[in-house]
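K.L.:
Sending over a structure as structure tokens; questions will come in a sec.
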Amino acid sequence: MPKNYIIGIGGTGSRVVESVVHLCAAGYGPAELTIFLVDPDSGNGNLTRTKTLITEYQKCRANLDRIEGNNLFSTDIKIPEKFVWGIFDTKNTTLSDFINYPLMENKNKELSDFVKVLFTEKELALKLDEGFKGHPAIGAVVMANPPEDEYPFKALWDDIADKKPNDVRVFLVGSVFGGTGAAGFPTLGSEKIFKFNPNKNVIVKEDKTNKSNSVSRILLGGALMLPYFSFENDNNVEEGLFVTSNDFPLATKAALHYYDEKNLGFDQIYFIGDSVTQQVGKFSVGTSTQENRSHYIEIVSSLAAFDFFTQPAIKDVPEKMYFTACRETEEINWDSFPFSRDDRNTKDERNKFKRLLTYMTVFSYSLASYGQKILDSKSDNVQQTWYREHFAYKRPEDEKSHNPHHGSNQDHILDMIKFSSKFLIWITSIDDNTNIVRLIDKKKIVSGEIEAGKEVELFDLELNKAFIARILKETPKRDGDLNYFITEGLNEIQPMDKAMTASSRFCNLFYQGSINFCKNIYNIQ
């Protein structure tokens with residue numbers, strides 16, 4: 001089986017990886033996936049959010065015994081012991097420090113004068129551990145030699161030794177218009193870093209006189225993110241070394257000229273963007289305040305990665321390919337997403353995608369609202385048919401191990417509720433309060449607006465029973481509500497293996513109940 005790696009570069013890369021993790025939680029992802037992140041701005045809000053999400057995903061997956069038909073957390077997401085390359089080991093490192101410019105001025109005047117031609121005094125004094133502020137030329141300098149024998153890169157090279165040509169699939173994702181992503185995507189995508197690394201990736205020579213016939217163990221792909229969002233203006237931000245969304249088109253044009261001229265190591269590239277540029281939050285120059293709402297384009301980029309991972313095996317020299325994705329109509333609905341390079345698979349993948357995302361949304365909503373209330377009841381005798389059938393045991397010795405309210409069982413369910421709440425924030429953030437994105441209806445799930453760093457309140461399903469049957473922005477095929485979810489969903493589930501932990505049975509009940517409910521209420525195939 002091929003090994004799959006995704007490397008998110010910069011803030012946009014982290015946001016796409018966040019989307020990847022949520023789709024994997026819904027069951028729409030590869031069987032296994034290893035994740036790296038690259039960002040010098042260790043306090044970046046998008047980076048922190050994604051790092052936390054990955055560790056919470058792993059915790060939920062480890063504590064869940066899934067019954068047949070349960071797709072939750074089906075992807076085995078792996079991370080190295082250190083899975084973020086922050087580039088710098090010390091705080092407040094400047095470009096001047098990194099290239100040892102003071103010594104250069106004393107020892108090599110010609111070289112220091114050349115550096116002054118390339119970089120301004122402000123650029124030389126820029127603190128790089130807060131990102132590259134939209135100056136990819138700086139980032140390209142400091143990312144040109146990643147530490148091959150240190151994590152996270154060591155994990156890749158440890159995996160590669162016994163693999164066949166094109167058997168390790170590495171997918172990079174970053175923006176073309178910012179700083180870290182625009183610098184890291186072409187730099188890490190150069191032939192010498194991954195594709196034909198002379199130290200780590202032994203090349204199988206087919207023709208010693210013609211390098212183009214060499215075969216690498218790595219199939220290198222990537223999603224190059226073109227401009228797709230904008231920020232709310234902040235007139236209080238002082239002038240400095242950074243770019244705003246107004247600068248994106250010019251930065252993109254310059255970057256694409258560079259890509260056109262350079263012979264990079266990519267075998268396949270996906271170009272993805274959106275001309276409408278919906279706002280994703282307030283402008284930030286970096287650190288913890290750079291935390292943006294999710295965007296449907298990040299789902300498109302995740303689907304590009306999954307398409308890359310699931311393509312048939314390639315034995316010889318890969319054919320260079322590129323794919324493009326952008327808005328074709330004013331409206332974004334379930335039919336708008338590109339799923340596969342093979343048109344024959346598109347319909348099945350589209351149905352699967354809608355089905356699993358709907359299941360996951362109903363599961364998360366029912367668990368985080370109704371399920372949380374059941375757990376908060378602190379009662380060993382919850383008077384619900386489904387609860388009594390699956391958790392009411394008469395033997396005293398069974399009470400703790402089969403009680404969802406007890407110890408680790410409750411902790412594991414609360415972990416799942418916490419992740420489910422984050423999933424709901426992510427999926428509803430894509431709804432921009434217009435009729436452009438017609439997927440999940442935020443107004444039937446979240447009370448109030450979604451803002452970075454603020455708690456989000458879900459509607460109480462016991463007070464808004466019909467909302468669970470109205471989460472899709474389309475007309476359901478029949479009426480339903482929370483009572484219907486309980487009677488036709490939870491109450492219809494057959495008893496499970498009593499050796500299974502109470503927490504796993506509780507989560508399986510809500511997921512299977514969501515499947516039963518969705519099949520009856522929504523137009524899904």
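Chain labels run A, B, ... following the order of the structure tokens; each chain numbers its residues from 1, and ligands are numbered from 1 in the order shown.
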List every residue of segment 68-131 of chain A that DSSP, applied to the backbone of this structure, assigns to alpha helix (DSSP H), and report them as a list in words.

P.N.:
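Selecting the alpha helix (DSSP H) positions of segment 68-131 of chain A gives Leu95, Ser96, Asp97, Phe98, Tyr101, Pro102, Leu103, Met104, Glu105, Asn106, Lys107, Lys109, Glu110, Leu111, Ser112, Asp113, Phe114, Val115, Lys116, Val117, Leu118, Glu121, Lys122, Glu123 and Leu124 of chain A.
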
K.L.:
Once you have the residues from the selection above, write them out as an mmCIF file, in the first residue's frame, restricted to N, CA, C and O atoms.

P.N.:
```cif
data_model
loop_
_atom_site.group_PDB
_atom_site.id
_atom_site.type_symbol
_atom_site.label_atom_id
_atom_site.label_comp_id
_atom_site.auth_asym_id
_atom_site.auth_seq_id
_atom_site.Cartn_x
_atom_site.Cartn_y
_atom_site.Cartn_z
ATOM 1 N N LEU A 95 16.428 37.784 9.790
ATOM 2 C CA LEU A 95 17.128 37.332 8.589
ATOM 3 C C LEU A 95 18.614 37.638 8.706
ATOM 4 O O LEU A 95 19.461 36.831 8.285
ATOM 5 N N SER A 96 18.928 38.768 9.295
ATOM 6 C CA SER A 96 20.335 39.121 9.511
ATOM 7 C C SER A 96 21.035 38.074 10.370
ATOM 8 O O SER A 96 22.163 37.657 10.082
ATOM 9 N N ASP A 97 20.350 37.612 11.432
ATOM 10 C CA ASP A 97 20.929 36.563 12.284
ATOM 11 C C ASP A 97 21.101 35.266 11.510
ATOM 12 O O ASP A 97 22.140 34.587 11.620
ATOM 13 N N PHE A 98 20.103 34.931 10.735
ATOM 14 C CA PHE A 98 20.093 33.643 10.050
ATOM 15 C C PHE A 98 21.250 33.520 9.057
ATOM 16 O O PHE A 98 21.888 32.464 8.960
ATOM 17 N N TYR A 101 24.744 38.064 8.911
ATOM 18 C CA TYR A 101 25.082 39.278 8.152
ATOM 19 C C TYR A 101 26.157 40.145 8.827
ATOM 20 O O TYR A 101 27.046 40.663 8.138
ATOM 21 N N PRO A 102 26.154 40.324 10.167
ATOM 22 C CA PRO A 102 27.208 41.135 10.794
ATOM 23 C C PRO A 102 28.608 40.604 10.491
ATOM 24 O O PRO A 102 29.529 41.380 10.204
ATOM 25 N N LEU A 103 28.788 39.283 10.569
ATOM 26 C CA LEU A 103 30.090 38.697 10.250
ATOM 27 C C LEU A 103 30.428 38.909 8.777
ATOM 28 O O LEU A 103 31.582 39.182 8.413
ATOM 29 N N MET A 104 29.413 38.795 7.956
ATOM 30 C CA MET A 104 29.592 38.998 6.523
ATOM 31 C C MET A 104 30.113 40.401 6.226
ATOM 32 O O MET A 104 30.984 40.604 5.374
ATOM 33 N N GLU A 105 29.587 41.397 6.943
ATOM 34 C CA GLU A 105 30.018 42.779 6.725
ATOM 35 C C GLU A 105 31.493 42.960 7.065
ATOM 36 O O GLU A 105 32.204 43.742 6.419
ATOM 37 N N ASN A 106 31.948 42.232 8.067
ATOM 38 C CA ASN A 106 33.346 42.351 8.487
ATOM 39 C C ASN A 106 34.298 41.554 7.609
ATOM 40 O O ASN A 106 35.438 41.967 7.359
ATOM 41 N N LYS A 107 33.849 40.407 7.128
ATOM 42 C CA LYS A 107 34.734 39.479 6.439
ATOM 43 C C LYS A 107 34.616 39.501 4.918
ATOM 44 O O LYS A 107 35.565 39.157 4.214
ATOM 45 N N LYS A 109 32.955 42.048 2.291
ATOM 46 C CA LYS A 109 32.215 43.263 1.965
ATOM 47 C C LYS A 109 31.424 43.132 0.672
ATOM 48 O O LYS A 109 30.280 43.599 0.572
ATOM 49 N N GLU A 110 31.987 42.450 -0.324
ATOM 50 C CA GLU A 110 31.289 42.290 -1.606
ATOM 51 C C GLU A 110 29.991 41.488 -1.427
ATOM 52 O O GLU A 110 28.949 41.821 -1.994
ATOM 53 N N LEU A 111 30.085 40.432 -0.627
ATOM 54 C CA LEU A 111 28.907 39.607 -0.410
ATOM 55 C C LEU A 111 27.856 40.368 0.395
ATOM 56 O O LEU A 111 26.662 40.281 0.111
ATOM 57 N N SER A 112 28.294 41.131 1.383
ATOM 58 C CA SER A 112 27.334 41.907 2.178
ATOM 59 C C SER A 112 26.667 42.980 1.334
ATOM 60 O O SER A 112 25.477 43.270 1.510
ATOM 61 N N ASP A 113 27.400 43.565 0.411
ATOM 62 C CA ASP A 113 26.803 44.553 -0.495
ATOM 63 C C ASP A 113 25.761 43.885 -1.405
ATOM 64 O O ASP A 113 24.720 44.480 -1.716
ATOM 65 N N PHE A 114 26.044 42.658 -1.807
ATOM 66 C CA PHE A 114 25.085 41.928 -2.650
ATOM 67 C C PHE A 114 23.803 41.630 -1.866
ATOM 68 O O PHE A 114 22.691 41.718 -2.403
ATOM 69 N N VAL A 115 23.957 41.308 -0.579
ATOM 70 C CA VAL A 115 22.795 41.067 0.266
ATOM 71 C C VAL A 115 21.931 42.323 0.355
ATOM 72 O O VAL A 115 20.696 42.254 0.320
ATOM 73 N N LYS A 116 22.567 43.494 0.415
ATOM 74 C CA LYS A 116 21.820 44.751 0.473
ATOM 75 C C LYS A 116 21.033 45.002 -0.810
ATOM 76 O O LYS A 116 20.008 45.682 -0.775
ATOM 77 N N VAL A 117 21.524 44.459 -1.913
ATOM 78 C CA VAL A 117 20.783 44.572 -3.168
ATOM 79 C C VAL A 117 19.520 43.713 -3.108
ATOM 80 O O VAL A 117 18.454 44.106 -3.609
ATOM 81 N N LEU A 118 19.619 42.550 -2.474
ATOM 82 C CA LEU A 118 18.501 41.607 -2.423
ATOM 83 C C LEU A 118 17.473 41.962 -1.356
ATOM 84 O O LEU A 118 16.266 41.736 -1.551
ATOM 85 N N GLU A 121 16.803 46.997 4.650
ATOM 86 C CA GLU A 121 17.169 46.965 6.060
ATOM 87 C C GLU A 121 16.009 46.432 6.912
ATOM 88 O O GLU A 121 16.224 45.703 7.884
ATOM 89 N N LYS A 122 14.771 46.797 6.537
ATOM 90 C CA LYS A 122 13.609 46.296 7.270
ATOM 91 C C LYS A 122 13.485 44.783 7.135
ATOM 92 O O LYS A 122 13.137 44.088 8.085
ATOM 93 N N GLU A 123 13.760 44.260 5.942
ATOM 94 C CA GLU A 123 13.688 42.813 5.733
ATOM 95 C C GLU A 123 14.766 42.091 6.526
ATOM 96 O O GLU A 123 14.534 41.029 7.098
ATOM 97 N N LEU A 124 15.964 42.654 6.578
ATOM 98 C CA LEU A 124 17.053 42.038 7.338
ATOM 99 C C LEU A 124 16.754 42.034 8.838
ATOM 100 O O LEU A 124 17.189 41.137 9.557
#
```

K.L.:
For Leu72 of chain A, find every residue with an atom within 12 Å (counting only C-alpha atoms), except residues of its own chain fewer than 2 positions away, and show them as a PyMOL selection string.

P.N.:
chain A and resi 21-29+57-58+60-70+74-76+356-357+359-361+363-364+416+419-420+504+507-508+510-512+514-515

K.L.:
Could you please take those selected residues and save N, CA and C atoms as a tab-separated table (two decimals), in the first residue's frame?

P.N.:
```tsv
chain	number	residue	atom	x	y	z
A	21	VAL	N	-8.64	16.86	8.24
A	21	VAL	CA	-8.90	16.11	9.48
A	21	VAL	C	-10.40	15.95	9.72
A	22	HIS	N	-11.16	17.01	9.47
A	22	HIS	CA	-12.61	16.91	9.67
A	22	HIS	C	-13.25	15.94	8.68
A	23	LEU	N	-12.79	15.95	7.44
A	23	LEU	CA	-13.33	15.01	6.46
A	23	LEU	C	-12.97	13.58	6.83
A	24	CYS	N	-11.76	13.38	7.35
A	24	CYS	CA	-11.37	12.05	7.81
A	24	CYS	C	-12.23	11.61	9.00
A	25	ALA	N	-12.57	12.54	9.87
A	25	ALA	CA	-13.43	12.21	11.00
A	25	ALA	C	-14.80	11.75	10.52
A	26	ALA	N	-15.26	12.33	9.41
A	26	ALA	CA	-16.55	11.94	8.84
A	26	ALA	C	-16.47	10.62	8.07
A	27	GLY	N	-15.26	10.11	7.87
A	27	GLY	CA	-15.09	8.85	7.15
A	27	GLY	C	-14.73	9.03	5.70
A	28	TYR	N	-14.52	10.28	5.27
A	28	TYR	CA	-14.18	10.54	3.87
A	28	TYR	C	-12.69	10.88	3.79
A	29	GLY	N	-11.87	9.86	3.75
A	29	GLY	CA	-10.43	10.05	3.69
A	29	GLY	C	-9.74	8.75	3.37
A	57	TYR	N	-8.31	14.37	17.46
A	57	TYR	CA	-8.76	13.32	16.54
A	57	TYR	C	-8.15	11.98	16.95
A	58	GLN	N	-6.86	11.98	17.20
A	58	GLN	CA	-6.19	10.73	17.56
A	58	GLN	C	-6.73	10.15	18.86
A	60	CYS	N	-9.81	10.59	20.11
A	60	CYS	CA	-11.15	10.04	19.87
A	60	CYS	C	-11.07	8.70	19.14
A	61	ARG	N	-10.20	8.62	18.14
A	61	ARG	CA	-10.07	7.39	17.35
A	61	ARG	C	-9.57	6.23	18.23
A	62	ALA	N	-8.60	6.53	19.10
A	62	ALA	CA	-8.03	5.48	19.94
A	62	ALA	C	-9.03	4.91	20.94
A	63	ASN	N	-9.98	5.73	21.37
A	63	ASN	CA	-10.93	5.31	22.40
A	63	ASN	C	-12.26	4.82	21.86
A	64	LEU	N	-12.38	4.74	20.53
A	64	LEU	CA	-13.66	4.34	19.93
A	64	LEU	C	-13.55	2.97	19.27
A	65	ASP	N	-14.36	2.03	19.75
A	65	ASP	CA	-14.52	0.74	19.06
A	65	ASP	C	-15.73	0.87	18.15
A	66	ARG	N	-15.49	0.85	16.83
A	66	ARG	CA	-16.57	1.08	15.88
A	66	ARG	C	-17.25	-0.22	15.50
A	67	ILE	N	-18.59	-0.17	15.43
A	67	ILE	CA	-19.33	-1.31	14.92
A	67	ILE	C	-19.33	-1.25	13.39
A	68	GLU	N	-19.75	-2.32	12.76
A	68	GLU	CA	-19.81	-2.35	11.31
A	68	GLU	C	-20.75	-1.25	10.80
A	69	GLY	N	-20.28	-0.52	9.81
A	69	GLY	CA	-21.08	0.57	9.25
A	69	GLY	C	-20.77	1.93	9.85
A	70	ASN	N	-19.96	1.94	10.92
A	70	ASN	CA	-19.58	3.21	11.53
A	70	ASN	C	-18.32	3.73	10.83
A	74	SER	N	-12.20	6.90	10.51
A	74	SER	CA	-11.71	5.68	9.87
A	74	SER	C	-10.29	5.82	9.33
A	75	THR	N	-9.80	7.04	9.16
A	75	THR	CA	-8.43	7.24	8.69
A	75	THR	C	-7.47	7.17	9.87
A	76	ASP	N	-6.43	6.39	9.71
A	76	ASP	CA	-5.37	6.31	10.72
A	76	ASP	C	-4.42	7.48	10.49
A	356	LEU	N	-21.78	11.05	3.92
A	356	LEU	CA	-20.94	11.00	5.12
A	356	LEU	C	-20.91	12.34	5.85
A	357	LEU	N	-20.91	13.45	5.11
A	357	LEU	CA	-20.93	14.76	5.77
A	357	LEU	C	-22.26	14.99	6.48
A	359	TYR	N	-24.28	12.54	7.67
A	359	TYR	CA	-24.25	11.67	8.85
A	359	TYR	C	-23.45	12.33	9.99
A	360	MET	N	-22.27	12.84	9.64
A	360	MET	CA	-21.38	13.41	10.66
A	360	MET	C	-21.99	14.65	11.30
A	361	THR	N	-22.67	15.45	10.50
A	361	THR	CA	-23.27	16.67	11.05
A	361	THR	C	-24.41	16.34	12.00
A	363	PHE	N	-24.85	13.46	13.58
A	363	PHE	CA	-24.23	12.81	14.73
A	363	PHE	C	-23.66	13.85	15.69
A	364	SER	N	-22.89	14.79	15.17
A	364	SER	CA	-22.24	15.79	16.02
A	364	SER	C	-23.27	16.66	16.72
A	416	MET	N	-15.40	13.11	22.66
A	416	MET	CA	-16.11	13.03	21.38
A	416	MET	C	-17.04	14.23	21.20
A	419	PHE	N	-14.90	17.21	20.19
A	419	PHE	CA	-14.54	17.18	18.78
A	419	PHE	C	-15.75	17.48	17.91
A	420	SER	N	-16.89	16.91	18.27
A	420	SER	CA	-18.12	17.14	17.50
A	420	SER	C	-18.48	18.61	17.44
A	504	SER	N	-17.98	3.66	23.91
A	504	SER	CA	-18.06	3.28	22.50
A	504	SER	C	-19.48	2.96	22.10
A	507	CYS	N	-21.44	6.26	21.69
A	507	CYS	CA	-21.11	6.96	20.43
A	507	CYS	C	-21.63	6.20	19.21
A	508	ASN	N	-21.51	4.88	19.25
A	508	ASN	CA	-22.04	4.07	18.15
A	508	ASN	C	-23.56	4.22	18.03
A	510	PHE	N	-25.38	6.86	18.78
A	510	PHE	CA	-25.71	8.15	18.18
A	510	PHE	C	-25.34	8.19	16.70
A	511	TYR	N	-24.26	7.50	16.33
A	511	TYR	CA	-23.90	7.51	14.90
A	511	TYR	C	-24.87	6.65	14.10
A	512	GLN	N	-25.18	5.45	14.60
A	512	GLN	CA	-26.12	4.60	13.88
A	512	GLN	C	-27.51	5.23	13.86
A	514	SER	N	-28.04	8.37	13.75
A	514	SER	CA	-27.95	9.44	12.74
A	514	SER	C	-28.10	8.87	11.34
A	515	ILE	N	-27.53	7.70	11.09
A	515	ILE	CA	-27.68	7.06	9.78
A	515	ILE	C	-29.15	6.74	9.52
```

K.L.:
Please provide as a ChimeraX atom specification all residues within 10 Å of Glu492 of chain A, with the sequence filter that same-chain residues fewer than 3 positions apart are discarded (counting only C-alpha atoms).

P.N.:
/A:385-386,485-489,495,509,512-513,516

K.L.:
Emit the selected residues as a PDB file, in the first residue's frame, including N, CA and C atoms.

P.N.:
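As a result, result10.pdb now contains:
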```pdb
ATOM      1  N   THR A 385     -36.076   4.553  26.135  1.00  0.00           N
ATOM      2  CA  THR A 385     -36.046   3.155  25.709  1.00  0.00           C
ATOM      3  C   THR A 385     -34.649   2.743  25.259  1.00  0.00           C
ATOM      4  N   TRP A 386     -34.059   3.536  24.414  1.00  0.00           N
ATOM      5  CA  TRP A 386     -32.739   3.180  23.876  1.00  0.00           C
ATOM      6  C   TRP A 386     -31.691   3.095  24.987  1.00  0.00           C
ATOM      7  N   PHE A 485     -35.893  11.313  15.662  1.00  0.00           N
ATOM      8  CA  PHE A 485     -34.518  10.818  15.777  1.00  0.00           C
ATOM      9  C   PHE A 485     -34.429   9.755  16.871  1.00  0.00           C
ATOM     10  N   ILE A 486     -35.136   9.982  17.962  1.00  0.00           N
ATOM     11  CA  ILE A 486     -35.090   9.028  19.076  1.00  0.00           C
ATOM     12  C   ILE A 486     -35.863   7.754  18.746  1.00  0.00           C
ATOM     13  N   THR A 487     -37.082   7.902  18.263  1.00  0.00           N
ATOM     14  CA  THR A 487     -37.935   6.724  18.055  1.00  0.00           C
ATOM     15  C   THR A 487     -37.515   5.895  16.843  1.00  0.00           C
ATOM     16  N   GLU A 488     -37.200   6.559  15.734  1.00  0.00           N
ATOM     17  CA  GLU A 488     -36.846   5.841  14.507  1.00  0.00           C
ATOM     18  C   GLU A 488     -35.344   5.681  14.313  1.00  0.00           C
ATOM     19  N   GLY A 489     -34.581   6.376  15.139  1.00  0.00           N
ATOM     20  CA  GLY A 489     -33.134   6.272  15.054  1.00  0.00           C
ATOM     21  C   GLY A 489     -32.561   5.454  16.179  1.00  0.00           C
ATOM     22  N   PRO A 495     -29.072  -4.526  20.099  1.00  0.00           N
ATOM     23  CA  PRO A 495     -28.061  -4.572  21.163  1.00  0.00           C
ATOM     24  C   PRO A 495     -26.665  -4.836  20.610  1.00  0.00           C
ATOM     25  N   LEU A 509     -24.227   4.302  19.163  1.00  0.00           N
ATOM     26  CA  LEU A 509     -25.676   4.495  19.153  1.00  0.00           C
ATOM     27  C   LEU A 509     -26.057   5.789  18.438  1.00  0.00           C
ATOM     28  N   GLN A 512     -25.182   5.454  14.598  1.00  0.00           N
ATOM     29  CA  GLN A 512     -26.123   4.595  13.884  1.00  0.00           C
ATOM     30  C   GLN A 512     -27.511   5.227  13.864  1.00  0.00           C
ATOM     31  N   GLY A 513     -27.881   5.884  14.957  1.00  0.00           N
ATOM     32  CA  GLY A 513     -29.149   6.594  14.978  1.00  0.00           C
ATOM     33  C   GLY A 513     -29.179   7.708  13.946  1.00  0.00           C
ATOM     34  N   ASN A 516     -29.797   6.111  10.506  1.00  0.00           N
ATOM     35  CA  ASN A 516     -31.217   5.768  10.355  1.00  0.00           C
ATOM     36  C   ASN A 516     -32.062   7.014  10.085  1.00  0.00           C
TER      37      ASN A 516
END
```

K.L.:
Using only C-alpha atoms, determine which residues lie at most 10 Å from Ile7 of chain A, disregarding the query and same-chain residues fewer than 5 positions distant; provide the list as an mmCIF file with C-alpha atoms, in the first residue's frame.

P.N.:
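Contents of the output file out_11.cif:
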```cif
data_model
loop_
_atom_site.group_PDB
_atom_site.id
_atom_site.type_symbol
_atom_site.label_atom_id
_atom_site.label_comp_id
_atom_site.auth_asym_id
_atom_site.auth_seq_id
_atom_site.Cartn_x
_atom_site.Cartn_y
_atom_site.Cartn_z
ATOM 1 C CA GLY A 13 -1.796 25.104 4.649
ATOM 2 C CA SER A 14 -2.917 24.637 8.255
ATOM 3 C CA VAL A 16 -6.548 22.974 4.546
ATOM 4 C CA VAL A 17 -5.137 20.312 6.876
ATOM 5 C CA THR A 34 0.825 11.132 7.919
ATOM 6 C CA ILE A 35 0.707 14.875 8.520
ATOM 7 C CA PHE A 36 3.474 17.498 8.779
ATOM 8 C CA LEU A 37 3.031 21.232 9.266
ATOM 9 C CA VAL A 38 5.512 23.962 8.358
ATOM 10 C CA PHE A 83 5.255 17.208 13.475
ATOM 11 C CA VAL A 84 5.666 20.967 13.063
ATOM 12 C CA VAL A 170 3.821 13.444 -0.747
ATOM 13 C CA PHE A 171 1.296 16.262 -1.125
ATOM 14 C CA LEU A 172 2.208 19.879 -0.325
ATOM 15 C CA VAL A 173 -0.382 22.580 0.193
ATOM 16 C CA GLY A 174 0.180 26.308 0.573
ATOM 17 C CA PHE A 185 5.666 25.467 -1.775
ATOM 18 C CA LEU A 188 10.145 22.219 -0.705
ATOM 19 C CA GLY A 222 0.510 19.692 -4.348
#
```

K.L.:
Please determine, counting only C-alpha atoms, which residue among A:Arg217, A:Glu191, A:Ile332, A:Phe306 has the shortest atom-to-atom distance to Gly265 of chain A.

P.N.:
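Under the stated criterion, the closest residue is A:Glu191.
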
K.L.:
Using only C-alpha atoms, which protein or nucleic acid residues come within 9 Å of Ala325 of chain A? Drop anything in the same chain fewer than 2 positions from it, and give the result as an NGL selection string.

P.N.:
:A and (270-274 or 300-301 or 323 or 327-328 or 337-338)

K.L.:
So that I have them on file, write out the residues from the current selection with all heavy atoms, as a compact mmCIF listing (two decimals), in the first residue's frame.

P.N.:
```txt
# COMPACT_ATOMS: atom_id res chain seq x y z
N TYR A 270 -2.38 20.90 -8.40
CA TYR A 270 -3.76 21.35 -8.48
C TYR A 270 -3.77 22.86 -8.21
O TYR A 270 -3.27 23.31 -7.17
CB TYR A 270 -4.63 20.65 -7.43
CG TYR A 270 -4.71 19.15 -7.57
CD1 TYR A 270 -3.63 18.33 -7.20
CD2 TYR A 270 -5.87 18.53 -8.03
CE1 TYR A 270 -3.70 16.96 -7.31
CE2 TYR A 270 -5.95 17.14 -8.13
CZ TYR A 270 -4.86 16.37 -7.78
OH TYR A 270 -4.92 14.99 -7.88
N PHE A 271 -4.31 23.63 -9.15
CA PHE A 271 -4.46 25.07 -8.96
C PHE A 271 -5.90 25.34 -8.54
O PHE A 271 -6.84 25.03 -9.28
CB PHE A 271 -4.14 25.81 -10.26
CG PHE A 271 -2.70 25.71 -10.68
CD1 PHE A 271 -2.28 24.68 -11.51
CD2 PHE A 271 -1.76 26.63 -10.25
CE1 PHE A 271 -0.96 24.57 -11.90
CE2 PHE A 271 -0.44 26.53 -10.63
CZ PHE A 271 -0.02 25.50 -11.46
N ILE A 272 -6.07 25.97 -7.38
CA ILE A 272 -7.41 26.10 -6.79
C ILE A 272 -7.62 27.52 -6.30
O ILE A 272 -6.78 28.08 -5.58
CB ILE A 272 -7.59 25.11 -5.63
CG1 ILE A 272 -7.34 23.67 -6.11
CG2 ILE A 272 -8.96 25.24 -5.00
CD1 ILE A 272 -7.24 22.66 -5.00
N GLY A 273 -8.73 28.13 -6.69
CA GLY A 273 -9.01 29.48 -6.23
C GLY A 273 -10.47 29.83 -6.38
O GLY A 273 -11.28 29.04 -6.86
N ASP A 274 -10.82 31.05 -5.97
CA ASP A 274 -12.20 31.52 -6.04
C ASP A 274 -12.19 33.03 -6.23
O ASP A 274 -11.56 33.76 -5.45
CB ASP A 274 -12.94 31.16 -4.75
CG ASP A 274 -14.40 31.54 -4.79
OD1 ASP A 274 -14.90 31.84 -5.89
OD2 ASP A 274 -15.06 31.52 -3.73
N VAL A 300 -12.30 21.84 -1.11
CA VAL A 300 -11.87 21.51 -2.48
C VAL A 300 -10.42 21.05 -2.48
O VAL A 300 -10.06 20.05 -3.13
CB VAL A 300 -12.06 22.71 -3.42
CG1 VAL A 300 -11.50 22.40 -4.81
CG2 VAL A 300 -13.53 23.10 -3.52
N SER A 301 -9.57 21.74 -1.75
CA SER A 301 -8.15 21.38 -1.69
C SER A 301 -7.95 20.03 -1.00
O SER A 301 -7.07 19.26 -1.39
CB SER A 301 -7.37 22.47 -0.95
OG SER A 301 -7.55 23.71 -1.57
N PHE A 323 -4.11 20.24 -12.64
CA PHE A 323 -5.56 20.27 -12.59
C PHE A 323 -5.98 21.65 -12.06
O PHE A 323 -5.28 22.25 -11.26
CB PHE A 323 -6.10 19.19 -11.66
CG PHE A 323 -5.59 17.81 -11.96
CD1 PHE A 323 -4.42 17.33 -11.37
CD2 PHE A 323 -6.26 16.98 -12.84
CE1 PHE A 323 -3.95 16.06 -11.64
CE2 PHE A 323 -5.79 15.70 -13.12
CZ PHE A 323 -4.64 15.25 -12.53
N ARG A 327 -14.74 28.39 -9.17
CA ARG A 327 -16.20 28.52 -9.20
C ARG A 327 -16.69 28.60 -10.65
O ARG A 327 -16.20 29.41 -11.45
CB ARG A 327 -16.60 29.77 -8.45
CG ARG A 327 -18.09 30.01 -8.38
CD ARG A 327 -18.37 31.42 -7.89
NE ARG A 327 -17.88 31.63 -6.54
CZ ARG A 327 -18.61 31.40 -5.45
NH1 ARG A 327 -19.84 30.94 -5.57
NH2 ARG A 327 -18.13 31.63 -4.26
N GLU A 328 -17.67 27.77 -11.00
CA GLU A 328 -18.26 27.81 -12.34
C GLU A 328 -19.64 28.47 -12.33
O GLU A 328 -20.10 28.96 -13.34
CB GLU A 328 -18.38 26.39 -12.91
CG GLU A 328 -17.02 25.75 -13.19
CD GLU A 328 -17.16 24.39 -13.85
OE1 GLU A 328 -18.31 23.92 -13.97
OE2 GLU A 328 -16.13 23.81 -14.23
N PHE A 337 -18.56 20.33 -6.18
CA PHE A 337 -17.20 19.93 -5.82
C PHE A 337 -16.58 18.99 -6.85
O PHE A 337 -17.25 18.09 -7.36
CB PHE A 337 -17.19 19.25 -4.46
CG PHE A 337 -17.50 20.17 -3.31
CD1 PHE A 337 -18.79 20.27 -2.81
CD2 PHE A 337 -16.51 20.95 -2.74
CE1 PHE A 337 -19.08 21.11 -1.76
CE2 PHE A 337 -16.79 21.80 -1.69
CZ PHE A 337 -18.09 21.90 -1.20
N PRO A 338 -15.30 19.17 -7.13
CA PRO A 338 -14.58 18.20 -7.98
C PRO A 338 -14.07 17.05 -7.11
O PRO A 338 -13.42 17.27 -6.10
CB PRO A 338 -13.41 19.03 -8.53
CG PRO A 338 -13.15 20.06 -7.47
CD PRO A 338 -14.46 20.34 -6.78
```

K.L.:
Determine the nearest neighbour of Ala144 of chain A from the options A:Ser19, A:Thr187, A:Gln410, A:Asn71, counting only C-alpha atoms.

P.N.:
A:Thr187

K.L.:
Taking 6 positions as the minimum chain separation for residues in the same chain, which residues sit within 10 Å of Ser275 of chain A when counting only C-alpha atoms? Answer as a ChimeraX atom specification.

P.N.:
/A:226-229,326-327

K.L.:
Taking only C-alpha atoms into account, name the residue in A:Asp481, A:Glu451, A:Ser408, A:Glu457 that is nearest to Ser503 of chain A.

P.N.:
A:Ser408
